[in-house]
$ cat work27.cif   # mmCIF, C-alpha atoms
data_work
loop_
_atom_site.label_atom_id
_atom_site.label_comp_id
_atom_site.auth_asym_id
_atom_site.auth_seq_id
_atom_site.Cartn_x
_atom_site.Cartn_y
_atom_site.Cartn_z
CA MET A 2 -149.91 106.38 -51.45
CA LYS A 3 -149.94 105.63 -47.74
CA ILE A 4 -150.44 102.12 -46.34
CA VAL A 5 -150.81 101.16 -42.70
CA GLN A 6 -149.63 97.63 -41.95
CA ILE A 7 -151.01 95.86 -38.90
CA SER A 8 -150.19 92.34 -37.84
CA ASP A 9 -150.82 89.65 -35.26
CA THR A 10 -154.02 91.05 -33.80
CA HIS A 11 -154.92 87.63 -32.29
CA LEU A 12 -158.63 88.38 -31.95
CA SER A 13 -161.26 85.92 -30.75
CA PRO A 14 -164.81 85.93 -29.37
CA ALA A 15 -163.96 83.14 -26.91
CA LYS A 16 -160.48 84.23 -25.80
CA SER A 17 -160.81 87.99 -25.51
CA HIS A 18 -157.39 88.68 -23.97
CA PHE A 19 -156.26 91.08 -26.72
CA ASN A 20 -159.57 92.34 -28.09
CA GLY A 21 -159.28 95.55 -26.06
CA ASN A 22 -156.38 96.70 -28.21
CA TRP A 23 -158.51 96.76 -31.35
CA GLU A 24 -160.38 100.00 -30.61
CA PRO A 25 -157.19 102.07 -30.04
CA VAL A 26 -155.72 100.58 -33.23
CA ARG A 27 -158.89 101.33 -35.19
CA ALA A 28 -159.05 104.93 -33.90
CA TRP A 29 -155.37 105.50 -34.68
CA ILE A 30 -155.74 104.14 -38.21
CA GLU A 31 -158.70 106.43 -38.85
CA GLU A 32 -156.61 109.39 -37.65
CA VAL A 33 -153.67 108.44 -39.88
CA ALA A 34 -156.14 108.06 -42.78
CA PRO A 35 -154.17 105.72 -45.06
CA ASP A 36 -155.29 104.85 -48.56
CA LEU A 37 -155.15 101.18 -47.66
CA VAL A 38 -154.61 98.88 -44.67
CA VAL A 39 -152.73 95.60 -45.05
CA HIS A 40 -153.00 92.97 -42.31
CA THR A 41 -150.09 90.53 -42.41
CA GLY A 42 -151.71 87.66 -40.61
CA ASP A 43 -152.53 85.99 -37.33
CA VAL A 44 -155.74 87.91 -37.51
CA THR A 45 -157.19 85.37 -35.08
CA ILE A 46 -156.19 83.42 -32.01
CA ASP A 47 -157.27 80.12 -33.55
CA GLY A 48 -159.01 80.55 -36.88
CA ALA A 49 -157.13 77.46 -38.05
CA ASP A 50 -159.68 75.38 -36.14
CA HIS A 51 -162.49 77.79 -35.22
CA GLU A 52 -164.60 79.47 -37.87
CA ASP A 53 -166.06 81.84 -35.29
CA ASP A 54 -162.61 83.32 -34.69
CA ILE A 55 -162.30 84.28 -38.36
CA ALA A 56 -165.83 85.67 -38.64
CA PHE A 57 -165.49 87.67 -35.42
CA SER A 58 -162.09 89.09 -36.32
CA LEU A 59 -163.09 90.09 -39.82
CA GLY A 60 -166.15 91.80 -38.37
CA LEU A 61 -163.94 94.03 -36.22
CA ILE A 62 -161.52 94.78 -39.05
CA GLY A 63 -164.49 95.61 -41.26
CA GLN A 64 -165.19 98.59 -39.02
CA LEU A 65 -162.40 100.48 -40.80
CA SER A 66 -163.54 103.07 -43.31
CA MET A 67 -160.80 102.34 -45.86
CA PRO A 68 -160.04 99.21 -47.90
CA VAL A 69 -158.27 96.35 -46.12
CA LEU A 70 -156.21 93.55 -47.68
CA THR A 71 -155.27 90.53 -45.58
CA VAL A 72 -152.92 87.58 -45.81
CA PRO A 73 -153.30 84.67 -43.39
CA GLY A 74 -150.99 83.69 -40.56
CA ASN A 75 -150.30 80.31 -39.05
CA HIS A 76 -153.00 80.80 -36.42
CA ASP A 77 -155.46 81.49 -39.27
CA VAL A 78 -154.74 78.59 -41.66
CA GLY A 79 -152.19 76.34 -39.95
CA HIS A 80 -148.46 75.85 -40.19
CA LEU A 81 -145.78 73.46 -41.46
CA PRO A 82 -146.03 69.70 -42.04
CA GLY A 83 -145.70 67.88 -38.74
CA SER A 84 -147.11 70.74 -36.65
CA HIS A 85 -150.25 70.19 -34.59
CA GLN A 86 -152.21 72.30 -37.12
CA PRO A 87 -150.67 71.80 -40.56
CA VAL A 88 -152.09 73.74 -43.48
CA ASP A 89 -154.59 71.50 -45.27
CA ALA A 90 -157.41 71.74 -47.78
CA GLU A 91 -160.07 72.25 -45.11
CA ARG A 92 -158.25 75.11 -43.38
CA LEU A 93 -157.45 76.84 -46.67
CA ALA A 94 -161.03 76.46 -47.88
CA ARG A 95 -162.36 77.97 -44.64
CA TRP A 96 -160.12 81.02 -44.95
CA ARG A 97 -160.87 81.50 -48.64
CA ARG A 98 -164.61 81.22 -48.06
CA LEU A 99 -164.69 83.71 -45.18
CA ALA A 100 -161.77 86.07 -45.86
CA GLY A 101 -161.16 85.77 -49.60
CA PRO A 102 -157.96 84.87 -51.49
CA ASP A 103 -154.99 83.91 -49.34
CA TYR A 104 -152.62 85.51 -51.89
CA TRP A 105 -153.36 88.42 -54.18
CA GLY A 106 -152.01 91.20 -56.39
CA ARG A 107 -153.23 94.79 -56.66
CA ASP A 108 -151.95 97.68 -58.77
CA HIS A 109 -151.96 101.17 -57.28
CA GLY A 110 -150.50 103.71 -59.65
CA ASP A 111 -146.83 102.90 -60.25
CA TRP A 112 -146.81 100.18 -57.60
CA ARG A 113 -147.78 96.52 -57.68
CA LEU A 114 -148.73 95.21 -54.25
CA ILE A 115 -148.47 91.47 -53.74
CA GLY A 116 -149.77 89.50 -50.78
CA LEU A 117 -148.33 86.01 -50.23
CA ASN A 118 -149.52 83.10 -48.15
CA SER A 119 -146.16 82.27 -46.56
CA LEU A 120 -147.67 79.24 -44.80
CA LEU A 121 -147.76 77.38 -48.12
CA PHE A 122 -143.95 77.53 -48.39
CA GLY A 123 -142.39 74.35 -47.04
CA PHE A 124 -144.89 71.75 -48.22
CA GLU A 125 -143.33 71.21 -51.68
CA ASP A 126 -146.77 70.29 -53.02
CA GLU A 127 -149.15 71.60 -55.68
CA GLU A 128 -150.39 74.48 -53.52
CA GLU A 129 -146.83 75.72 -53.05
CA ASP A 130 -146.02 75.29 -56.75
CA ARG A 131 -149.20 77.08 -57.78
CA GLN A 132 -148.38 80.12 -55.64
CA PHE A 133 -144.79 80.23 -56.94
CA ARG A 134 -146.01 80.11 -60.56
CA TRP A 135 -148.52 82.85 -59.81
CA LEU A 136 -145.84 84.98 -58.14
CA GLU A 137 -143.54 84.61 -61.14
CA GLU A 138 -146.37 85.79 -63.41
CA GLN A 139 -147.08 88.77 -61.12
CA LEU A 140 -143.43 89.84 -61.15
CA GLN A 141 -142.87 89.27 -64.85
CA GLY A 142 -146.06 91.16 -65.78
CA ARG A 143 -145.54 94.17 -63.53
CA ASP A 144 -145.10 96.44 -66.57
CA GLY A 145 -142.44 98.65 -65.01
CA ARG A 146 -144.18 99.05 -61.68
CA GLN A 147 -142.26 98.93 -58.43
CA VAL A 148 -143.16 95.96 -56.22
CA ALA A 149 -144.02 95.68 -52.52
CA ILE A 150 -144.70 92.27 -51.01
CA PHE A 151 -146.64 91.56 -47.82
CA ALA A 152 -146.54 88.19 -46.05
CA HIS A 153 -146.93 86.76 -42.57
CA LYS A 154 -143.52 85.15 -42.08
CA PRO A 155 -140.17 86.88 -42.57
CA LEU A 156 -137.73 85.54 -45.13
CA PHE A 157 -135.15 84.92 -42.42
CA VAL A 158 -134.51 85.77 -38.78
CA ASP A 159 -130.78 86.40 -38.39
CA ASP A 160 -129.15 85.80 -41.76
CA PRO A 161 -130.31 85.07 -45.35
CA LEU A 162 -128.00 82.04 -45.42
CA GLU A 163 -129.20 80.59 -42.11
CA GLY A 164 -130.53 77.05 -41.90
CA ASP A 165 -134.07 75.98 -41.17
CA THR A 166 -135.44 78.07 -38.28
CA GLY A 167 -138.57 75.94 -38.09
CA TYR A 168 -141.50 77.87 -36.70
CA TRP A 169 -140.12 81.35 -37.36
CA GLY A 170 -138.76 81.77 -40.89
CA ILE A 171 -139.09 80.43 -44.43
CA ARG A 172 -137.29 77.15 -45.11
CA PRO A 173 -133.95 77.54 -46.94
CA ARG A 174 -134.97 76.06 -50.30
CA GLN A 175 -138.08 78.21 -50.62
CA ARG A 176 -136.26 81.25 -49.19
CA GLN A 177 -133.55 81.04 -51.84
CA ARG A 178 -136.13 80.79 -54.61
CA LEU A 179 -137.94 83.84 -53.26
CA LEU A 180 -134.73 85.85 -52.90
CA GLU A 181 -133.79 85.08 -56.50
CA LEU A 182 -137.22 86.15 -57.75
CA PHE A 183 -137.07 89.34 -55.67
CA ALA A 184 -133.60 90.21 -56.97
CA ASP A 185 -134.60 89.68 -60.60
CA ALA A 186 -137.67 91.91 -60.16
CA GLU A 187 -135.88 94.46 -57.96
CA VAL A 188 -138.58 94.10 -55.29
CA ALA A 189 -138.56 97.25 -53.17
CA LEU A 190 -140.19 95.97 -49.97
CA HIS A 191 -140.92 92.74 -48.13
CA ALA A 192 -143.11 93.47 -45.09
CA SER A 193 -144.05 90.73 -42.64
CA GLY A 194 -145.16 90.05 -39.05
CA HIS A 195 -145.23 86.78 -37.07
CA LEU A 196 -142.16 87.24 -34.85
CA HIS A 197 -143.70 89.72 -32.38
CA TRP A 198 -140.58 91.84 -32.81
CA ALA A 199 -140.31 95.15 -34.68
CA TRP A 200 -137.33 95.55 -37.01
CA ALA A 201 -136.33 97.21 -40.27
CA GLY A 202 -133.37 96.32 -42.45
CA GLU A 203 -132.31 95.58 -46.00
CA HIS A 204 -131.07 92.71 -48.12
CA ALA A 205 -129.84 92.87 -51.73
CA GLY A 206 -131.69 96.10 -52.38
CA THR A 207 -135.00 95.02 -50.81
CA SER A 208 -136.20 96.80 -47.67
CA LEU A 209 -137.28 94.34 -44.98
CA VAL A 210 -139.77 95.32 -42.30
CA TRP A 211 -141.14 93.24 -39.44
CA ALA A 212 -144.34 94.82 -38.21
CA PRO A 213 -144.90 94.73 -34.46
CA PRO A 214 -147.97 92.93 -33.17
CA THR A 215 -150.99 94.83 -31.92
CA SER A 216 -151.62 92.08 -29.34
CA PHE A 217 -148.72 90.85 -27.21
CA ILE A 218 -144.98 90.51 -26.90
CA ILE A 219 -143.13 87.36 -25.83
CA ASP A 220 -140.63 87.40 -22.98
CA THR A 221 -138.72 84.20 -22.18
CA LEU A 222 -140.91 81.72 -24.06
CA GLU A 223 -138.73 82.26 -27.13
CA ARG A 224 -135.18 83.41 -27.75
CA PRO A 225 -134.33 87.08 -28.30
CA MET A 226 -134.42 88.20 -31.93
CA PRO A 227 -133.25 91.26 -33.85
CA GLY A 228 -135.18 94.47 -33.28
CA GLU A 229 -137.39 95.60 -30.45
CA ARG A 230 -140.31 94.24 -28.48
CA LEU A 231 -143.27 96.59 -28.81
CA VAL A 232 -146.93 96.68 -29.80
CA GLY A 233 -147.89 98.95 -32.67
CA ALA A 234 -148.03 99.17 -36.45
CA VAL A 235 -146.13 100.39 -39.52
CA VAL A 236 -146.81 103.33 -41.84
CA HIS A 237 -145.47 102.84 -45.37
CA GLU A 238 -145.23 105.83 -47.70
CA PHE A 239 -144.97 104.95 -51.40
CA THR A 240 -143.70 107.45 -53.98
CA ASP A 241 -142.12 107.33 -57.44
CA ALA A 242 -138.75 107.38 -55.71
CA GLY A 243 -139.41 104.32 -53.52
CA VAL A 244 -140.90 103.44 -50.15
CA SER A 245 -140.20 104.64 -46.62
CA SER A 246 -141.47 102.75 -43.57
CA GLU A 247 -141.99 103.96 -40.01
CA ILE A 248 -142.59 101.59 -37.10
CA VAL A 249 -145.05 103.25 -34.73
CA ARG A 250 -145.93 102.67 -31.07
CA VAL A 251 -149.67 103.10 -31.35
CA PRO A 252 -151.00 105.13 -28.40
CA GLY A 253 -153.44 103.47 -26.04
CA LEU A 254 -152.34 99.89 -26.63
CA VAL A 255 -151.81 97.59 -23.66
CA ASN A 256 -148.39 95.97 -23.91
CA HIS A 257 -149.60 92.45 -23.10
CA VAL A 258 -146.97 89.81 -22.32
CA LEU A 259 -147.89 86.30 -23.43
CA ASP A 260 -145.79 84.34 -20.93
CA PRO A 261 -148.04 84.65 -17.83
CA ILE A 262 -151.22 83.81 -19.78
CA VAL A 263 -149.92 81.33 -22.35
CA GLU A 264 -151.71 78.39 -20.68
CA GLU A 265 -155.02 80.19 -21.20
CA VAL A 266 -154.38 81.39 -24.75
CA TYR A 267 -152.13 78.74 -26.28
CA PRO A 268 -151.97 75.72 -23.95
CA LEU A 269 -150.00 73.63 -26.45
CA ALA A 270 -147.26 76.27 -26.52
CA ALA A 271 -147.13 76.17 -22.74
CA LYS A 272 -146.87 72.38 -22.77
CA LYS A 273 -144.04 72.54 -25.33
CA LYS A 274 -142.14 74.98 -23.09
CA VAL A 275 -142.45 72.66 -20.10
CA LEU A 276 -141.18 69.69 -22.14
CA VAL A 277 -138.19 71.67 -23.42
CA GLU A 278 -137.26 72.80 -19.92
CA ALA A 279 -137.60 69.27 -18.57
CA ALA A 280 -135.22 67.97 -21.25
CA GLN A 281 -132.54 70.53 -20.39
#
$ encode --input "work27.cif" --output "structure tokens"
Amino acid sequence: MKIVQISDTHLSPAKSHFNGNWEPVRAWIEEVAPDLVVHTGDVTIDGADHEDDIAFSLGLIGQLSMPVLTVPGNHDVGHLPGSHQPVDAERLARWRRLAGPDYWGRDHGDWRLIGLNSLLFGFEDEEEDRQFRWLEEQLQGRDGRQVAIFAHKPLFVDDPLEGDTGYWGIRPRQRQRLLELFADAEVALHASGHLHWAWAGEHAGTSLVWAPPTSFIIDTLERPMPGERLVGAVVHEFTDAGVSSEIVRVPGLVNHVLDPIVEEVYPLAAKKKVLVEAAQ
């Protein structure tokens, strides 16, 4: 089985800055001809507050000739408590109505594929508990299948024992619970996006892959992270022996840089940067 993972497309009918990269991505995916495409979130620029962004983006992704599974990103359903767009019932309901379940499980031969809504982790509420209980059931009932998990946010950025990295990773309490579940189930792969960096590594027997964005990289707006800045995708090959993952620079993509256009695309992020610099 071959799966193409794409991430962080950041599509929008109103803010079309990165829409031009969709056609080269679509054409490349058709040429690769995977059995399945998994999108690991930030499908939209601002689906968290604009229904049109979700409908428009899903319309483009629906042009693909093979099945597509999607998990939401923070720009699709919101982020942590205290952020300017926290995940709430309205944002979740909008995504579920337009895009379908925000977490899911699918069996393909000897593999169980699991998609998680990583934006629910950190609230310590019923939505978080419900997804954890569901995940435990999915892992316990895998019936000998190998497991691959797809989510928007990585488990950690620099180290599995790191503290709270806020915007970027999973909070320590939830991360530890996930790592314990993954170890018990011998999860083969955790594939994510979100960071706009491409990286592959391993922790406790689980392969970790950060898919590059198809949209833009970030220069000095955020700190350097492990891996490489590039726009592209990932090809995962699943066999009885395990999974291999290749990070690919997709031909024809424009390597957009967010920094010069952040005030147009994400004005709140630009404002935050100015405030941080002023405080230094």
$ closest_residue --input "work27.cif" --among "A:Gly106, A:Tyr168, A:Phe19, A:Asp77" --to "Val258 (chain A)" --atoms "all atoms listed in the file"
A:Phe19
$ residues_around --input "work27.cif" --residues "region 71-74 of chain A" --least-positions-apart "6" --cutoff "9 Å" --atoms "only C-alpha atoms" --output "VMD selection string"
chain A and resid 9 38 to 45 80 96 100 to 105 116 to 120 151 to 154 194 to 195
$ atom_distance --input "work27.cif" --atom1 "CA of Leu93 (chain A)" --atom2 "CA of Gly60 (chain A)"
19.2 Å
$ resolve_selection --input "work27.cif" --expression "the PyMOL selection byres ((chain A and resi 46) around 9)" --output "PDB file with C-alpha atoms, in the coordinates of the input"
ATOM      1  CA  ASP A   9    -150.820  89.650 -35.260  1.00  0.00           C
ATOM      2  CA  THR A  10    -154.020  91.050 -33.800  1.00  0.00           C
ATOM      3  CA  HIS A  11    -154.920  87.630 -32.290  1.00  0.00           C
ATOM      4  CA  LEU A  12    -158.630  88.380 -31.950  1.00  0.00           C
ATOM      5  CA  SER A  13    -161.260  85.920 -30.750  1.00  0.00           C
ATOM      6  CA  LYS A  16    -160.480  84.230 -25.800  1.00  0.00           C
ATOM      7  CA  ASP A  43    -152.530  85.990 -37.330  1.00  0.00           C
ATOM      8  CA  VAL A  44    -155.740  87.910 -37.510  1.00  0.00           C
ATOM      9  CA  THR A  45    -157.190  85.370 -35.080  1.00  0.00           C
ATOM     10  CA  ASP A  47    -157.270  80.120 -33.550  1.00  0.00           C
ATOM     11  CA  GLY A  48    -159.010  80.550 -36.880  1.00  0.00           C
ATOM     12  CA  ALA A  49    -157.130  77.460 -38.050  1.00  0.00           C
ATOM     13  CA  ASP A  54    -162.610  83.320 -34.690  1.00  0.00           C
ATOM     14  CA  ILE A  55    -162.300  84.280 -38.360  1.00  0.00           C
ATOM     15  CA  HIS A  76    -153.000  80.800 -36.420  1.00  0.00           C
ATOM     16  CA  ASP A  77    -155.460  81.490 -39.270  1.00  0.00           C
ATOM     17  CA  VAL A 266    -154.380  81.390 -24.750  1.00  0.00           C
ATOM     18  CA  TYR A 267    -152.130  78.740 -26.280  1.00  0.00           C
TER      19      TYR A 267
END
$ resolve_selection --input "work27.cif" --expression "the PyMOL selection byres ((chain A and resi 190) around 12)" --output "PyMOL selection string"
chain A and resi 112-116+147-152+155-156+180+183-184+186-189+191-193+201-211+237-239+243-246
$ resolve_selection --input "work27.cif" --expression "the PyMOL selection byres ((chain A and resi 213) around 9)" --output "MDAnalysis selection string"
chainID A and resid 7:9 194:200 211:212 214:216 218 229:235 248:250
